[in-house]
Every structure is written in structure tokens, then in C-alpha cells.
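Undergrad: Structure supplied as model-v9.cif; contents: mmCIF, C-alpha atoms, pLDDT in the B column; chains and numbers go by the auth columns.
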```
data_entry
#
loop_
_atom_site.group_PDB
_atom_site.id
_atom_site.type_symbol
_atom_site.label_atom_id
_atom_site.label_comp_id
_atom_site.label_asym_id
_atom_site.label_seq_id
_atom_site.Cartn_x
_atom_site.Cartn_y
_atom_site.Cartn_z
_atom_site.B_iso_or_equiv
_atom_site.auth_seq_id
_atom_site.auth_asym_id
ATOM 1 C CA MET A 1 0.000 0.000 0.000 90.00 1 A
ATOM 2 C CA LYS A 2 1.381 3.389 -0.994 97.00 2 A
ATOM 3 C CA ILE A 3 0.608 6.184 1.465 98.00 3 A
ATOM 4 C CA HIS A 4 1.618 9.828 1.193 98.00 4 A
ATOM 5 C CA ILE A 5 1.529 12.180 4.177 98.00 5 A
ATOM 6 C CA ILE A 6 1.338 15.929 4.601 98.00 6 A
ATOM 7 C CA SER A 7 0.581 18.258 7.494 98.00 7 A
ATOM 8 C CA ASP A 8 0.083 21.870 8.495 98.00 8 A
ATOM 9 C CA THR A 9 -0.815 23.296 5.110 98.00 9 A
ATOM 10 C CA HIS A 10 -2.465 26.257 6.907 97.00 10 A
ATOM 11 C CA PHE A 11 -4.067 27.617 3.741 97.00 11 A
ATOM 12 C CA ASN A 12 -5.232 31.242 4.167 95.00 12 A
ATOM 13 C CA HIS A 13 -3.356 31.653 7.449 95.00 13 A
ATOM 14 C CA LYS A 14 -2.101 35.208 7.098 89.00 14 A
ATOM 15 C CA ASN A 15 0.569 34.950 9.826 94.00 15 A
ATOM 16 C CA ILE A 16 2.075 31.541 9.019 95.00 16 A
ATOM 17 C CA LYS A 17 4.533 33.043 6.513 94.00 17 A
ATOM 18 C CA GLU A 18 6.136 35.083 9.281 94.00 18 A
ATOM 19 C CA TYR A 19 5.829 32.399 11.997 94.00 19 A
ATOM 20 C CA CYS A 20 7.533 29.721 9.897 95.00 20 A
ATOM 21 C CA ASN A 21 9.608 31.815 7.510 95.00 21 A
ATOM 22 C CA ARG A 22 7.675 30.536 4.501 96.00 22 A
ATOM 23 C CA PRO A 23 8.415 31.970 1.043 96.00 23 A
ATOM 24 C CA ASP A 24 5.965 34.338 -0.638 96.00 24 A
ATOM 25 C CA ASP A 25 4.655 31.572 -2.914 97.00 25 A
ATOM 26 C CA TRP A 26 4.247 28.940 -0.190 97.00 26 A
ATOM 27 C CA GLU A 27 0.576 28.241 -1.026 97.00 27 A
ATOM 28 C CA ASP A 28 1.395 27.732 -4.716 97.00 28 A
ATOM 29 C CA LYS A 29 4.184 25.348 -3.723 98.00 29 A
ATOM 30 C CA ILE A 30 1.771 23.299 -1.606 98.00 30 A
ATOM 31 C CA PHE A 31 -0.870 23.147 -4.353 97.00 31 A
ATOM 32 C CA LYS A 32 1.785 22.036 -6.839 98.00 32 A
ATOM 33 C CA GLY A 33 3.159 19.461 -4.403 98.00 33 A
ATOM 34 C CA LEU A 34 -0.300 18.034 -3.744 98.00 34 A
ATOM 35 C CA GLN A 35 -0.996 17.762 -7.477 98.00 35 A
ATOM 36 C CA GLU A 36 2.335 16.019 -8.108 98.00 36 A
ATOM 37 C CA SER A 37 1.628 13.649 -5.250 98.00 37 A
ATOM 38 C CA ALA A 38 -1.849 12.847 -6.612 98.00 38 A
ATOM 39 C CA ASN A 39 -0.298 12.156 -10.045 97.00 39 A
ATOM 40 C CA ALA A 40 1.889 9.493 -8.373 97.00 40 A
ATOM 41 C CA GLU A 41 -1.431 7.779 -7.466 97.00 41 A
ATOM 42 C CA PRO A 42 -0.927 6.840 -3.825 97.00 42 A
ATOM 43 C CA ASP A 43 -3.604 4.618 -2.316 98.00 43 A
ATOM 44 C CA ILE A 44 -4.157 7.130 0.508 98.00 44 A
ATOM 45 C CA LEU A 45 -3.153 10.680 1.402 98.00 45 A
ATOM 46 C CA ILE A 46 -3.029 11.202 5.169 98.00 46 A
ATOM 47 C CA HIS A 47 -3.225 14.863 6.184 98.00 47 A
ATOM 48 C CA LEU A 48 -1.989 15.277 9.765 98.00 48 A
ATOM 49 C CA GLY A 49 -4.111 18.337 10.444 97.00 49 A
ATOM 50 C CA ASP A 50 -4.397 22.112 10.214 97.00 50 A
ATOM 51 C CA VAL A 51 -5.621 22.187 6.627 98.00 51 A
ATOM 52 C CA SER A 52 -6.871 25.755 6.306 96.00 52 A
ATOM 53 C CA LEU A 53 -8.019 28.859 8.129 94.00 53 A
ATOM 54 C CA GLY A 54 -10.576 30.140 5.639 89.00 54 A
ATOM 55 C CA PHE A 55 -12.147 29.087 2.339 92.00 55 A
ATOM 56 C CA ASP A 56 -12.392 25.706 4.060 94.00 56 A
ATOM 57 C CA ALA A 57 -14.825 24.022 1.674 96.00 57 A
ATOM 58 C CA LEU A 58 -12.707 24.902 -1.381 96.00 58 A
ATOM 59 C CA ARG A 59 -9.444 23.746 0.199 96.00 59 A
ATOM 60 C CA HIS A 60 -10.807 20.490 1.606 97.00 60 A
ATOM 61 C CA GLU A 61 -12.658 19.601 -1.571 97.00 61 A
ATOM 62 C CA PHE A 62 -9.554 20.334 -3.674 97.00 62 A
ATOM 63 C CA ILE A 63 -7.518 17.829 -1.662 98.00 63 A
ATOM 64 C CA THR A 64 -10.178 15.147 -1.443 97.00 64 A
ATOM 65 C CA THR A 65 -11.069 15.408 -5.126 97.00 65 A
ATOM 66 C CA ILE A 66 -7.567 14.831 -6.504 98.00 66 A
ATOM 67 C CA PHE A 67 -6.739 11.798 -4.314 98.00 67 A
ATOM 68 C CA LYS A 68 -8.369 8.365 -4.524 96.00 68 A
ATOM 69 C CA ARG A 69 -8.663 8.185 -0.735 98.00 69 A
ATOM 70 C CA SER A 70 -7.911 10.864 1.813 98.00 70 A
ATOM 71 C CA TRP A 71 -7.730 10.681 5.606 98.00 71 A
ATOM 72 C CA LEU A 72 -7.766 13.668 7.925 98.00 72 A
ATOM 73 C CA ILE A 73 -6.236 13.652 11.394 98.00 73 A
ATOM 74 C CA LEU A 74 -7.781 16.661 13.098 97.00 74 A
ATOM 75 C CA GLY A 75 -5.449 19.473 14.103 95.00 75 A
ATOM 76 C CA ASN A 76 -5.931 22.312 16.539 93.00 76 A
ATOM 77 C CA HIS A 77 -7.121 24.564 13.671 94.00 77 A
ATOM 78 C CA ASP A 78 -9.614 22.008 12.292 95.00 78 A
ATOM 79 C CA GLY A 79 -12.600 23.042 14.358 92.00 79 A
ATOM 80 C CA LYS A 80 -15.599 21.901 12.353 95.00 80 A
ATOM 81 C CA SER A 81 -17.574 18.756 13.122 94.00 81 A
ATOM 82 C CA MET A 82 -16.417 15.386 11.864 95.00 82 A
ATOM 83 C CA ASN A 83 -19.583 15.226 9.757 96.00 83 A
ATOM 84 C CA TRP A 84 -18.597 18.469 8.038 96.00 84 A
ATOM 85 C CA TYR A 85 -15.227 17.026 7.010 97.00 85 A
ATOM 86 C CA MET A 86 -16.798 13.735 5.872 97.00 86 A
ATOM 87 C CA ASN A 87 -19.355 15.707 3.846 97.00 87 A
ATOM 88 C CA HIS A 88 -16.494 17.574 2.167 97.00 88 A
ATOM 89 C CA GLY A 89 -14.833 14.474 0.829 97.00 89 A
ATOM 90 C CA TRP A 90 -12.645 12.917 3.524 98.00 90 A
ATOM 91 C CA ASP A 91 -12.840 9.128 3.721 98.00 91 A
ATOM 92 C CA PHE A 92 -11.678 9.011 7.355 98.00 92 A
ATOM 93 C CA VAL A 93 -11.646 11.705 10.041 97.00 93 A
ATOM 94 C CA GLY A 94 -10.280 11.251 13.555 96.00 94 A
ATOM 95 C CA ARG A 95 -8.019 12.737 16.185 93.00 95 A
ATOM 96 C CA SER A 96 -5.561 9.867 15.802 94.00 96 A
ATOM 97 C CA VAL A 97 -5.303 6.444 14.202 96.00 97 A
ATOM 98 C CA MET A 98 -2.901 3.548 14.649 95.00 98 A
ATOM 99 C CA ILE A 99 -2.089 1.180 11.788 96.00 99 A
ATOM 100 C CA TYR A 100 0.342 -1.704 11.390 95.00 100 A
ATOM 101 C CA LEU A 101 2.386 -1.255 8.236 96.00 101 A
ATOM 102 C CA TYR A 102 5.928 -2.095 7.069 94.00 102 A
ATOM 103 C CA GLY A 103 6.358 -4.236 10.187 93.00 103 A
ATOM 104 C CA ILE A 104 5.839 -1.352 12.617 94.00 104 A
ATOM 105 C CA ARG A 105 2.892 0.032 14.572 95.00 105 A
ATOM 106 C CA ILE A 106 2.404 3.650 13.526 96.00 106 A
ATOM 107 C CA LEU A 107 0.334 6.132 15.519 96.00 107 A
ATOM 108 C CA PHE A 108 -0.727 9.098 13.375 97.00 108 A
ATOM 109 C CA SER A 109 -1.698 12.272 15.239 96.00 109 A
ATOM 110 C CA HIS A 110 -1.522 16.026 14.830 96.00 110 A
ATOM 111 C CA ARG A 111 0.243 16.854 18.062 94.00 111 A
ATOM 112 C CA PRO A 112 2.975 14.557 19.339 92.00 112 A
ATOM 113 C CA TYR A 113 1.860 11.866 21.795 88.00 113 A
ATOM 114 C CA PRO A 114 1.141 12.127 24.690 82.00 114 A
ATOM 115 C CA PHE A 115 -1.442 14.596 23.463 70.00 115 A
ATOM 116 C CA PRO A 116 -1.459 17.841 25.446 58.00 116 A
ATOM 117 C CA PRO A 117 -4.761 19.455 26.366 52.00 117 A
ATOM 118 C CA MET A 118 -6.303 21.155 23.357 49.00 118 A
ATOM 119 C CA LYS A 119 -8.945 23.841 23.041 51.00 119 A
ATOM 120 C CA THR A 120 -11.928 22.044 21.587 46.00 120 A
ATOM 121 C CA VAL A 121 -14.763 23.444 19.569 47.00 121 A
ATOM 122 C CA THR A 122 -16.841 20.389 18.697 50.00 122 A
ATOM 123 C CA SER A 123 -18.540 17.789 20.856 53.00 123 A
ATOM 124 C CA GLU A 124 -16.890 14.934 18.909 53.00 124 A
ATOM 125 C CA LEU A 125 -13.430 16.372 19.430 52.00 125 A
ATOM 126 C CA ARG A 126 -14.188 17.102 23.074 53.00 126 A
ATOM 127 C CA ARG A 127 -15.004 13.426 23.680 53.00 127 A
ATOM 128 C CA GLN A 128 -11.841 12.281 21.905 55.00 128 A
ATOM 129 C CA VAL A 129 -9.651 14.728 23.806 53.00 129 A
ATOM 130 C CA ALA A 130 -11.078 13.506 27.109 51.00 130 A
ATOM 131 C CA PHE A 131 -10.225 9.938 26.111 50.00 131 A
ATOM 132 C CA SER A 132 -6.722 10.795 24.895 50.00 132 A
ATOM 133 C CA GLU A 133 -5.948 12.758 28.049 48.00 133 A
ATOM 134 C CA GLU A 134 -6.814 9.651 30.066 48.00 134 A
ATOM 135 C CA MET A 135 -4.295 7.776 27.931 47.00 135 A
ATOM 136 C CA ILE A 136 -1.415 10.092 28.869 46.00 136 A
ATOM 137 C CA ASP A 137 -0.714 8.224 32.110 45.00 137 A
ATOM 138 C CA LYS A 138 -0.708 4.825 30.422 49.00 138 A
ATOM 139 C CA PRO A 139 2.576 3.357 29.197 52.00 139 A
ATOM 140 C CA ARG A 140 3.386 3.698 25.526 61.00 140 A
ATOM 141 C CA SER A 141 2.949 0.064 24.573 68.00 141 A
ATOM 142 C CA ASN A 142 0.553 -0.021 21.638 84.00 142 A
ATOM 143 C CA PHE A 143 2.721 1.661 18.964 91.00 143 A
ATOM 144 C CA ASP A 144 6.338 1.870 17.836 93.00 144 A
ATOM 145 C CA ILE A 145 6.454 5.305 16.231 95.00 145 A
ATOM 146 C CA ASN A 146 4.302 8.438 16.408 96.00 146 A
ATOM 147 C CA VAL A 147 4.101 10.262 13.069 98.00 147 A
ATOM 148 C CA HIS A 148 2.747 13.741 13.762 97.00 148 A
ATOM 149 C CA GLY A 149 2.607 17.334 12.584 97.00 149 A
ATOM 150 C CA HIS A 150 2.103 20.555 14.554 95.00 150 A
ATOM 151 C CA CYS A 151 5.762 21.328 15.336 94.00 151 A
ATOM 152 C CA HIS A 152 6.643 23.189 12.128 94.00 152 A
ATOM 153 C CA ASN A 153 10.269 24.281 11.833 92.00 153 A
ATOM 154 C CA ARG A 154 10.728 25.481 15.393 88.00 154 A
ATOM 155 C CA PRO A 155 14.362 25.698 16.481 85.00 155 A
ATOM 156 C CA ASN A 156 15.624 23.461 19.315 84.00 156 A
ATOM 157 C CA LEU A 157 12.734 21.043 19.026 84.00 157 A
ATOM 158 C CA GLU A 158 13.057 18.350 21.715 87.00 158 A
ATOM 159 C CA LEU A 159 11.227 15.122 20.961 89.00 159 A
ATOM 160 C CA GLU A 160 11.462 11.493 21.979 90.00 160 A
ATOM 161 C CA THR A 161 13.189 9.062 19.617 89.00 161 A
ATOM 162 C CA TRP A 162 9.812 7.477 18.810 92.00 162 A
ATOM 163 C CA GLN A 163 8.240 10.827 17.858 94.00 163 A
ATOM 164 C CA LYS A 164 8.649 11.535 14.130 96.00 164 A
ATOM 165 C CA PRO A 165 7.463 15.007 13.100 96.00 165 A
ATOM 166 C CA PHE A 166 6.394 15.776 9.559 98.00 166 A
ATOM 167 C CA ILE A 167 7.688 19.318 9.004 97.00 167 A
ATOM 168 C CA LEU A 168 6.239 20.758 5.804 98.00 168 A
ATOM 169 C CA GLU A 169 8.793 23.551 5.677 97.00 169 A
ATOM 170 C CA ASN A 170 11.575 20.925 5.552 96.00 170 A
ATOM 171 C CA GLN A 171 9.856 18.866 2.821 97.00 171 A
ATOM 172 C CA ASP A 172 9.787 21.597 0.162 96.00 172 A
ATOM 173 C CA TYR A 173 6.041 22.007 0.853 97.00 173 A
ATOM 174 C CA LYS A 174 5.209 18.603 -0.663 98.00 174 A
ATOM 175 C CA PRO A 175 3.614 15.397 0.589 98.00 175 A
ATOM 176 C CA VAL A 176 6.087 12.558 1.051 98.00 176 A
ATOM 177 C CA ASP A 177 5.894 8.803 0.678 98.00 177 A
ATOM 178 C CA LEU A 178 5.362 7.313 4.148 98.00 178 A
ATOM 179 C CA LYS A 179 7.661 4.339 3.515 97.00 179 A
ATOM 180 C CA GLU A 180 10.503 6.673 2.531 97.00 180 A
ATOM 181 C CA PHE A 181 9.732 8.965 5.478 98.00 181 A
ATOM 182 C CA LEU A 182 10.050 5.991 7.862 97.00 182 A
ATOM 183 C CA SER A 183 12.888 4.210 6.063 96.00 183 A
ATOM 184 C CA GLU A 184 15.273 4.406 9.029 94.00 184 A
ATOM 185 C CA GLU A 185 12.648 3.188 11.503 93.00 185 A
ATOM 186 C CA ILE A 186 11.665 0.313 9.194 94.00 186 A
ATOM 187 C CA ARG A 187 15.312 -0.709 8.761 92.00 187 A
ATOM 188 C CA ASN A 188 15.929 -0.570 12.546 88.00 188 A
ATOM 189 C CA LYS A 189 12.866 -2.721 13.216 82.00 189 A
ATOM 190 C CA GLN A 190 13.974 -5.306 10.655 84.00 190 A
ATOM 191 C CA GLN A 191 17.464 -5.439 12.144 82.00 191 A
ATOM 192 C CA SER A 192 16.009 -5.836 15.628 75.00 192 A
ATOM 193 C CA ARG A 193 13.841 -8.734 14.487 72.00 193 A
ATOM 194 C CA SER A 194 16.795 -10.349 12.751 71.00 194 A
ATOM 195 C CA LEU A 195 18.898 -10.115 15.932 66.00 195 A
ATOM 196 C CA GLN A 196 16.086 -11.639 18.009 64.00 196 A
ATOM 197 C CA LYS A 197 15.821 -14.605 15.634 65.00 197 A
ATOM 198 C CA ASN A 198 19.570 -15.270 15.952 61.00 198 A
ATOM 199 C CA ILE A 199 19.516 -15.298 19.763 60.00 199 A
#
```
Could you take the file, read its structure, and then write that structure out as C-alpha cells?
TA:
Amino acid sequence: MKIHIISDTHFNHKNIKEYCNRPDDWEDKIFKGLQESANAEPDILIHLGDVSLGFDALRHEFITTIFKRSWLILGNHDGKSMNWYMNHGWDFVGRSVMIYLYGIRILFSHRPYPFPPMKTVTSELRRQVAFSEEMIDKPRSNFDINVHGHCHNRPNLELETWQKPFILENQDYKPVDLKEFLSEEIRNKQQSRSLQKNI
């Protein structure tokens, strides 16, 4: 299965250029990158949240129309109801999802796990946040790697080894192939399994 990921497109966010030192044509770069990604015909595009801050219907429908399947992991700027996003083309909408792929358990989320408290604006998201906040005290045992967005290109970012941020500013404003993005983690897992078999 071929999966592409992207995060933090922030379409129509007037201050994101300054916050993240984006070039003047950053929106054009993202549109071009999404189109190129769709032309590569991945099975799924996973957007890790914060799609747009205005003209929402146009932006969401653009993404969901050009990809065969599209999943949305809700970000802190995605404040509409889950039904709204589903009605605008997304095939899956959630605060997080865990899948087993390439021999590793991958948790997809917007913010890095454990999820910090988040201002919520919908009843669905409020219920999910309550559940995820209960999970903070539980040991991290149900996934190997957390692929997330939210961090942007902040300097001196301190994360755990199992937290893998997708930073759009570092990816030339394009979606990337998930298998390539996780190539080091996949290789490490395979080596670990190989060592265990030889013991």
C-alpha cells in the first residue's frame, strides 16, 4: 500500500509566513506538491491536520477530489464537526489512528503523543480529547512510532526518539511517501527482528 503524508498546510493563514519563515509563494508550492503527489497515485493521502483557516470548503474539496482516498487527522485549527469534514470528501476523520504497516505500529496524530490538552470546539473532538488525556498516564505500549505534525520548523525542538514530526517547511512544501519517510525506523525494526531470531 502506498501512502503519502502531509501536514500543516495552513491555507489562508495570514501569519504563518512570518511564523515559519515561509516563502511568498508557499501556497502555490503546496498546491503544486499536492498535485504532483496525486499524479503518483498513492492509495491514501493522510493529512496530519491544520488544513486551512478560511475558504475551508474549497481547500478540503480540492484535496479530497484529486486523491483516490484521503484521511484527515484533526489538528488544533480544524474546528468543524467530523460530519462536516466527511461531507467535504474525507474518507476518514479522527483525532488519531494507529495502523500496522511495514512491520511497525504507527500512531498518526496532529500533536505529538502524549497529546497535550487542546482547546476544543466540537462535541466529537471534546469526547476524543477527554479519552486521549486519560491515555497520557498509560505506558506507551501499543505503537512503535508516532508520526505527527504541529511542530513546524521550530528551532531546538526536543522530541522522543519514537516521535517523528512531519515538518512541511523541511519537505519543500510537498507530501512525502510514508515508507521513505520511515525508512530508518523500518530498517531498525527489521534489524532488531533479525537479531532476536539469531539469539
Undergrad: Run the PyMOL selection byres ((chain A and resi 2) around 6) mentally over the shown coordinates, then write out the matched residues as number ranges by chain, using the chain letters and numbers from the document.
TA: A: 1, 3, 42-43
Undergrad: Just say which residues the PyMOL selection byres ((chain A and resi 141-146) around 12) picks in this file, as a CSV table (one decimal) with C-alpha atoms, in the coordinates of the input.
TA:
```csv
chain,number,residue,atom,x,y,z
A,48,LEU,CA,-2.0,15.3,9.8
A,96,SER,CA,-5.6,9.9,15.8
A,97,VAL,CA,-5.3,6.4,14.2
A,98,MET,CA,-2.9,3.5,14.6
A,99,ILE,CA,-2.1,1.2,11.8
A,100,TYR,CA,0.3,-1.7,11.4
A,101,LEU,CA,2.4,-1.3,8.2
A,102,TYR,CA,5.9,-2.1,7.1
A,103,GLY,CA,6.4,-4.2,10.2
A,104,ILE,CA,5.8,-1.4,12.6
A,105,ARG,CA,2.9,0.0,14.6
A,106,ILE,CA,2.4,3.6,13.5
A,107,LEU,CA,0.3,6.1,15.5
A,108,PHE,CA,-0.7,9.1,13.4
A,109,SER,CA,-1.7,12.3,15.2
A,110,HIS,CA,-1.5,16.0,14.8
A,111,ARG,CA,0.2,16.9,18.1
A,112,PRO,CA,3.0,14.6,19.3
A,113,TYR,CA,1.9,11.9,21.8
A,114,PRO,CA,1.1,12.1,24.7
A,115,PHE,CA,-1.4,14.6,23.5
A,135,MET,CA,-4.3,7.8,27.9
A,136,ILE,CA,-1.4,10.1,28.9
A,137,ASP,CA,-0.7,8.2,32.1
A,138,LYS,CA,-0.7,4.8,30.4
A,139,PRO,CA,2.6,3.4,29.2
A,140,ARG,CA,3.4,3.7,25.5
A,147,VAL,CA,4.1,10.3,13.1
A,148,HIS,CA,2.7,13.7,13.8
A,149,GLY,CA,2.6,17.3,12.6
A,159,LEU,CA,11.2,15.1,21.0
A,160,GLU,CA,11.5,11.5,22.0
A,161,THR,CA,13.2,9.1,19.6
A,162,TRP,CA,9.8,7.5,18.8
A,163,GLN,CA,8.2,10.8,17.9
A,164,LYS,CA,8.6,11.5,14.1
A,165,PRO,CA,7.5,15.0,13.1
A,166,PHE,CA,6.4,15.8,9.6
A,181,PHE,CA,9.7,9.0,5.5
A,182,LEU,CA,10.0,6.0,7.9
A,184,GLU,CA,15.3,4.4,9.0
A,185,GLU,CA,12.6,3.2,11.5
A,186,ILE,CA,11.7,0.3,9.2
A,188,ASN,CA,15.9,-0.6,12.5
A,189,LYS,CA,12.9,-2.7,13.2
```
Undergrad: Could you tell me, as a PyMOL selection string, exactly which residues end up selected when the PyMOL selection byres ((chain A and resi 78) around 8) is applied to this structure?
TA: chain A and resi 49-52+74-77+79-80
Undergrad: Could you please take those selected residues and save C-alpha atoms as a tab-separated table (two decimals), in the frame of the given file?
TA:
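The result, stored in again05.tsv:
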```tsv
chain	number	residue	atom	x	y	z
A	49	GLY	CA	-4.11	18.34	10.44
A	50	ASP	CA	-4.40	22.11	10.21
A	51	VAL	CA	-5.62	22.19	6.63
A	52	SER	CA	-6.87	25.76	6.31
A	74	LEU	CA	-7.78	16.66	13.10
A	75	GLY	CA	-5.45	19.47	14.10
A	76	ASN	CA	-5.93	22.31	16.54
A	77	HIS	CA	-7.12	24.56	13.67
A	79	GLY	CA	-12.60	23.04	14.36
A	80	LYS	CA	-15.60	21.90	12.35
```
Undergrad: What gap, in Å, lies between atom CA of Phe31 of chain A and atom CA of Ala57 of chain A?
TA: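 Between atom CA of Phe31 of chain A and atom CA of Ala57 of chain A the gap is 15.2 Å.
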Undergrad: Could you tell me how far atom CA of Ile6 of chain A lies from atom CA of Ser192 of chain A, in Å and to one decimal?
TA: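 It comes out at 28.5 Å.
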Undergrad: Which residue, A:Ser70, A:Thr64, A:Asn87, A:Asn21, has the smallest gap to Leu45 of chain A when you use only C-alpha atoms?
TA: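 Closest to Leu45 of chain A of all the choices is A:Ser70.
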Undergrad: Residues at most 8 Å from His152 of chain A, counting all atoms listed in the file, excluding those fewer than 6 positions away in the same chain, as a VMD selection string?
TA: chain A and resid 8 20 166 to 169
Undergrad: Atom CA of Trp90 of chain A and atom CA of Trp71 of chain A are how many Å apart?
TA: 5.8 Å
Undergrad: List the spatial neighbours of Ile66 of chain A as a PyMOL selection string - criterion: any atom at most 8 Å away, all atoms listed in the file, same-chain residues fewer than 3 positions off excluded.
TA: chain A and resi 35+38+62-63
Undergrad: Filtering to C-alpha atoms, could you give me those residues as a CSV table (one decimal), in the coordinates of the input?
TA:
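Below is the file that was written, again.csv:
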```
chain,number,residue,atom,x,y,z
A,35,GLN,CA,-1.0,17.8,-7.5
A,38,ALA,CA,-1.8,12.8,-6.6
A,62,PHE,CA,-9.6,20.3,-3.7
A,63,ILE,CA,-7.5,17.8,-1.7
```
